[in-house]
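Here the structure is laid out as structure tokens; the discussion comes afterwards.
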Amino acid sequence: MPLSRRLFVACTASTAALASAGLPSPAFAAPSAAAPEDADPRDRIPVGPDDTAQDLVRKASRVRPTERQIAWQRLGRTAFLHFGVNTFTGLEWGTGDEDPDVFRPARLDTDQWARALRDGGFTLAVLTVKHHDGFVLYPSRYTGHTVASSGWLGGQGDVLRAFADSMRRHGLKVGVYISPADENQYLHGVYANGSTRVPRTIPTPVPGDDRPPRRTYTLPATDYGAHMLNQLHEVLTGYGPIDEVWFDGAQGRIPPDKVEKYDWDSWYALVRALAPRAVVAVSGPDVRWVGNEGGLAREDEWSVVPVAEREYGRTDYALAYDAPDQGSRAALEAARPVADFLQWWPAECDVSIRDGWFYHPEQQPKSVERLTDIYFRSVGRNAVLLLNIPPDTDGLLPAADVARLREFRERVERELPEDLARGARTVVAPARVTVDLGTAREADRVRLAEDVRHGQQVEGFVVEAYDGAAWTRVTGAGTIGASRILLLPRPVTARRWRVRVTSARGRVRIAEFGLYRSRT
């Protein structure tokens with residue numbers, strides 16, 4: 001979601017001024033000419049067990065997002081579309097031996113999907129191009145378990161093509177989910193067959209291959225890893241620009257003595273080569289899973305977190321994936337024995353509008369109140385919301401869900417209407433930003449953001465209102481990050497408002513300070 005107000009403010013001050021503000025000088029001190037603050041900024045910085053607590057905080061303050069991560073964090077609301085053979089079998093996790101002919105959406109209309117998502121305030125949609133069953137929503141050269149083996153449109157259909165074209169036509173970005181697990185390829189002796197990693201040429205030619213000669217890539221992979229690489233190549237070269245590639249870490253439901261070690265490094269490398277603007281989520285280096293499927297971020301969600309690099313280059317959590325704290329000073333120290341890097345790895349909050357991920361006719365969408373609460377506890381806590389809306393057996397988003405998306409967007413607009421601080425007189429001082437609204441105005445919502453191009457620095461802040469005689473605390477919290485929304489328990493009336501940073505890791509830049517009076 002685009003920020004409503006930008007105040008790109010560099011909070012710098014002399015040591016004396018900082019001392020008078022009650023803050024330690026390292027938090028807001030101007031960088032010296034010999035050691036500029038942004039010298040060698042990186043999205044991941046190595047750490048080790050010998051780093052002191054101060055070393056860890058200093059390194060965390062220097063971690064910066066990539067351009068693709070900055071663009072992704074501004075999206076706010078994104079959509080998931082779970083659609084495939086499970087839609088028709090009633091399963092959530094398919095078996096891989098489904099008859100492809102069960103896939104027969106009688107009225108597929110991806111323009112209807114796109115209109116509903118656009119009208120719901122969404123900015124990007126991710127389609128399950130392949131779920132764990134291995135059924136593929138486009139006619140792949142590398143498997144027969146696809147729409148081409150269905151009677152739908154006489155075997156000539158291509159859901160991915162229709163989806164990508166519709167999303168772009170209606171102004172949405174395009175994401176693809178390609179499950180690492182593949183029950184069908186296990187049944188065909190490819191997945192978890194014990195093959196070794198050897199160099200593979202991608203794309204691998206197949207009989208009757210009509211693709212014109214183009215660049216090939218030699219990457220290490222198992223038999224199944226090569227299968228995934230070939231499918232990634234098809235998707236990333238045949239369907240226009242892709243903005244998000246979504247992997248989970250699921251293993252197939254196979255015997256316990258079988259395992260497929262995923263070729264993450266090769267998959268990441270091919271995505272970077274073919275879709276350089278795309279973020280790789282959530283088993284990927286750009287975006288992490290928040291740790292639950294309820295759509296809820298932590299009260300203080302950090303984009304800079306300790307990570308461990310697992311086998312074949314997989315980016316993984318240094319702490320437990322559902323740890324209540326991923327990035328505070330205490331978390332950095334707790335992860336010190338096992339962390340390999342501090343990394344910009346922002347959170348994505350996934351949740352379904354219904355109880356299941358795939359469509360089930362007996363289920364109903366969540367209430368507007370529930371969705372709005374999820375919004376404030378995801379987008380309002382420095383995360384991006386990924387809301388699943390499953391198409392039905394006709395190939396349409398259900399009417400009840402479409403209506404709920406519109407109601408959800410309208411509710412958020414009533415919660416955050418006109419920014420009262422837009423155009424207000426702004427005064428910047430060390431560790432604080434003050435706005436003068438010109439006249440006393442009533443507000444009950446506060447929206448803040450850091451300029452995350454320079455990292456995530458704020459560890460604590462308060463919002464205060466001037467009552468004519470003194471500044472009074474209205475609310476406060478720990479982190480800000482790319483987006484922080486605070487709901488006041490009751491409206492507060494004041495002409496002058498300020499945000500005051502009480503603790504920070506490095507030089508703070510406030511990018512947004514918005515005030516709102518909800519109309520709910």
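Chain identifiers are assigned as A, B, and so on, following the order in which chains appear in the structure tokens; residues are numbered from 1 within each chain, and ligands are numbered from 1 in order of appearance.
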Mind checking which residues fall within 10 Å of A:Thr426, counting only C-alpha atoms, ignoring those fewer than 5 positions away in the same chain, and posting them as a VMD selection string?
-> chain A and resid 7 421 433 to 437 496 to 498 513
Go ahead and write the residues just picked, N, CA, C and O atoms, as a PDB file, in the first residue's frame.
ATOM      1  N   LEU A   7       7.804  11.992   4.994  1.00  0.00           N
ATOM      2  CA  LEU A   7       8.519  13.096   5.631  1.00  0.00           C
ATOM      3  C   LEU A   7      10.008  12.823   5.654  1.00  0.00           C
ATOM      4  O   LEU A   7      10.646  13.136   6.623  1.00  0.00           O
ATOM      5  N   ALA A 421      -2.831  14.960   9.071  1.00  0.00           N
ATOM      6  CA  ALA A 421      -1.510  15.595   9.109  1.00  0.00           C
ATOM      7  C   ALA A 421      -0.995  15.970   7.728  1.00  0.00           C
ATOM      8  O   ALA A 421       0.067  16.588   7.620  1.00  0.00           O
ATOM      9  N   VAL A 433       9.498  14.089  15.756  1.00  0.00           N
ATOM     10  CA  VAL A 433       8.849  14.829  14.681  1.00  0.00           C
ATOM     11  C   VAL A 433       7.545  15.373  15.241  1.00  0.00           C
ATOM     12  O   VAL A 433       6.753  14.629  15.831  1.00  0.00           O
ATOM     13  N   THR A 434       7.325  16.676  15.071  1.00  0.00           N
ATOM     14  CA  THR A 434       6.134  17.343  15.589  1.00  0.00           C
ATOM     15  C   THR A 434       5.320  17.899  14.444  1.00  0.00           C
ATOM     16  O   THR A 434       5.881  18.489  13.510  1.00  0.00           O
ATOM     17  N   VAL A 435       4.011  17.699  14.488  1.00  0.00           N
ATOM     18  CA  VAL A 435       3.121  18.280  13.480  1.00  0.00           C
ATOM     19  C   VAL A 435       2.137  19.208  14.168  1.00  0.00           C
ATOM     20  O   VAL A 435       1.639  18.915  15.261  1.00  0.00           O
ATOM     21  N   ASP A 436       1.871  20.340  13.513  1.00  0.00           N
ATOM     22  CA  ASP A 436       0.902  21.324  13.990  1.00  0.00           C
ATOM     23  C   ASP A 436      -0.242  21.342  12.989  1.00  0.00           C
ATOM     24  O   ASP A 436      -0.070  21.746  11.834  1.00  0.00           O
ATOM     25  N   LEU A 437      -1.407  20.879  13.404  1.00  0.00           N
ATOM     26  CA  LEU A 437      -2.547  20.762  12.512  1.00  0.00           C
ATOM     27  C   LEU A 437      -3.236  22.093  12.246  1.00  0.00           C
ATOM     28  O   LEU A 437      -4.150  22.163  11.418  1.00  0.00           O
ATOM     29  N   ARG A 496      -1.417  20.022  18.332  1.00  0.00           N
ATOM     30  CA  ARG A 496      -0.032  19.623  18.112  1.00  0.00           C
ATOM     31  C   ARG A 496       0.168  18.174  18.568  1.00  0.00           C
ATOM     32  O   ARG A 496      -0.257  17.786  19.664  1.00  0.00           O
ATOM     33  N   TRP A 497       0.835  17.408  17.724  1.00  0.00           N
ATOM     34  CA  TRP A 497       1.121  16.002  17.978  1.00  0.00           C
ATOM     35  C   TRP A 497       2.595  15.750  17.696  1.00  0.00           C
ATOM     36  O   TRP A 497       3.184  16.420  16.846  1.00  0.00           O
ATOM     37  N   ARG A 498       3.145  14.773  18.362  1.00  0.00           N
ATOM     38  CA  ARG A 498       4.531  14.435  18.045  1.00  0.00           C
ATOM     39  C   ARG A 498       4.796  12.951  18.279  1.00  0.00           C
ATOM     40  O   ARG A 498       4.122  12.299  19.092  1.00  0.00           O
ATOM     41  N   PHE A 513       4.150  10.088   9.258  1.00  0.00           N
ATOM     42  CA  PHE A 513       3.491  10.340  10.531  1.00  0.00           C
ATOM     43  C   PHE A 513       2.085  10.813  10.198  1.00  0.00           C
ATOM     44  O   PHE A 513       1.866  11.981   9.915  1.00  0.00           O
TER      45      PHE A 513
END
How would you write, as a PyMOL selection string, the set of residues in stretch 292-446 of chain A that DSSP gives as helix (DSSP H, G or I)?
-> chain A and resi 311-313+329-335+368-376+399-415
If we count only C-alpha atoms, what is near A:Ala399 at a cut-off of 12 Å, once residues fewer than 5 positions away on the same chain are taken out, given as a PyMOL selection string?
-> chain A and resi 112-113+116+361+364-365+389-392+394+404-406
Using only C-alpha atoms, which residues sit within 12 Å of A:Arg141 once same-chain residues fewer than 4 positions away are excluded, as number ranges by chain?
-> A: 136, 145-149, 203-211, 227-228, 230-235
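Counting from atom CA of A:Asp257, the distance to atom CA of A:Thr201 is 29.1 Å.
Residue nearest A:Ala164 within the list A:Asp444, A:Asp248, A:Glu415, A:Asp111: A:Asp111 [criterion: smallest interatomic distance, only C-alpha atoms].
Summary of the local environment: counting only C-alpha atoms, residues at most 7 Å from A:Tyr217, other than itself and those fewer than 2 positions away along its chain, are A:Thr201, A:Ile202, A:Arg215, A:Leu219.
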Keeping only N, CA, C and O atoms, write the selected residues to a file as a short mmCIF file (atom, residue, chain, number, x, y, z; two decimals), in the first residue's frame.
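Writing the result to result-v3.cif gives the following:
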data_model
loop_
_atom_site.label_atom_id
_atom_site.label_comp_id
_atom_site.auth_asym_id
_atom_site.auth_seq_id
_atom_site.Cartn_x
_atom_site.Cartn_y
_atom_site.Cartn_z
N THR A 201 21.53 -29.29 -17.54
CA THR A 201 21.32 -28.22 -18.51
C THR A 201 19.84 -27.86 -18.52
O THR A 201 18.97 -28.71 -18.73
N ILE A 202 19.57 -26.57 -18.27
CA ILE A 202 18.21 -26.06 -18.19
C ILE A 202 18.04 -24.94 -19.23
O ILE A 202 18.86 -24.04 -19.28
N ARG A 215 19.43 -18.91 -24.28
CA ARG A 215 20.46 -19.21 -23.30
C ARG A 215 20.06 -20.40 -22.45
O ARG A 215 18.90 -20.57 -22.06
N LEU A 219 23.22 -26.04 -13.86
CA LEU A 219 23.04 -25.92 -12.42
C LEU A 219 23.02 -27.30 -11.77
O LEU A 219 22.47 -28.25 -12.35
#
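Candidate residues A:Gly460, A:Pro220, A:Gly171, A:Pro276 were compared for distance to A:Ser195, and the nearest is A:Pro220, using only C-alpha atoms.
Note that the spacing between atom CA of A:Asp373 and atom CA of A:Glu301 amounts to 16.5 Å.
Compared by their closest atoms to A:Trp345, and using only C-alpha atoms, the residues A:Pro65, A:Gly313, A:Gly506, A:Gly295 rank with A:Pro65 nearest.
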Using only C-alpha atoms, the best pick from A:Glu67, A:Glu450, A:Glu369, A:Glu459 as closest to A:Val412 would be A:Glu369
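Using only C-alpha atoms, the nearest neighbour of A:Arg329 within the list A:Val501, A:Ile242, A:Val198, A:Val305 is A:Val305.
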Fewer than 3 positions away in the same chain doesn't count, so skip those; otherwise give me all residues within 8 Å of A:Val368, counting only C-alpha atoms, as a VMD selection string.
-> chain A and resid 371 to 372 404 407 to 408 411
Polymer residues at most 6 Å from A:Phe461, only C-alpha atoms, same-chain spacing of 6 or more positions, as an MDAnalysis selection string | chainID A and resid 476:477 500:502
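The spacing separating atom CA of A:Gln456 from atom CA of A:Ser483 amounts to 10.9 Å.
Taking only C-alpha atoms into account, A:Ala192 lies nearest to A:Gln251 out of the set A:Gln251, A:Ser378, A:Gln363, A:Asn86.
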Assign secondary structure with DSSP using the backbone only, and return the residues of stretch 259-344 of chain A in strand (DSSP E or B) as an MDAnalysis selection string.
-> chainID A and resid 279:282 288:289 304:309 315:317 341:344
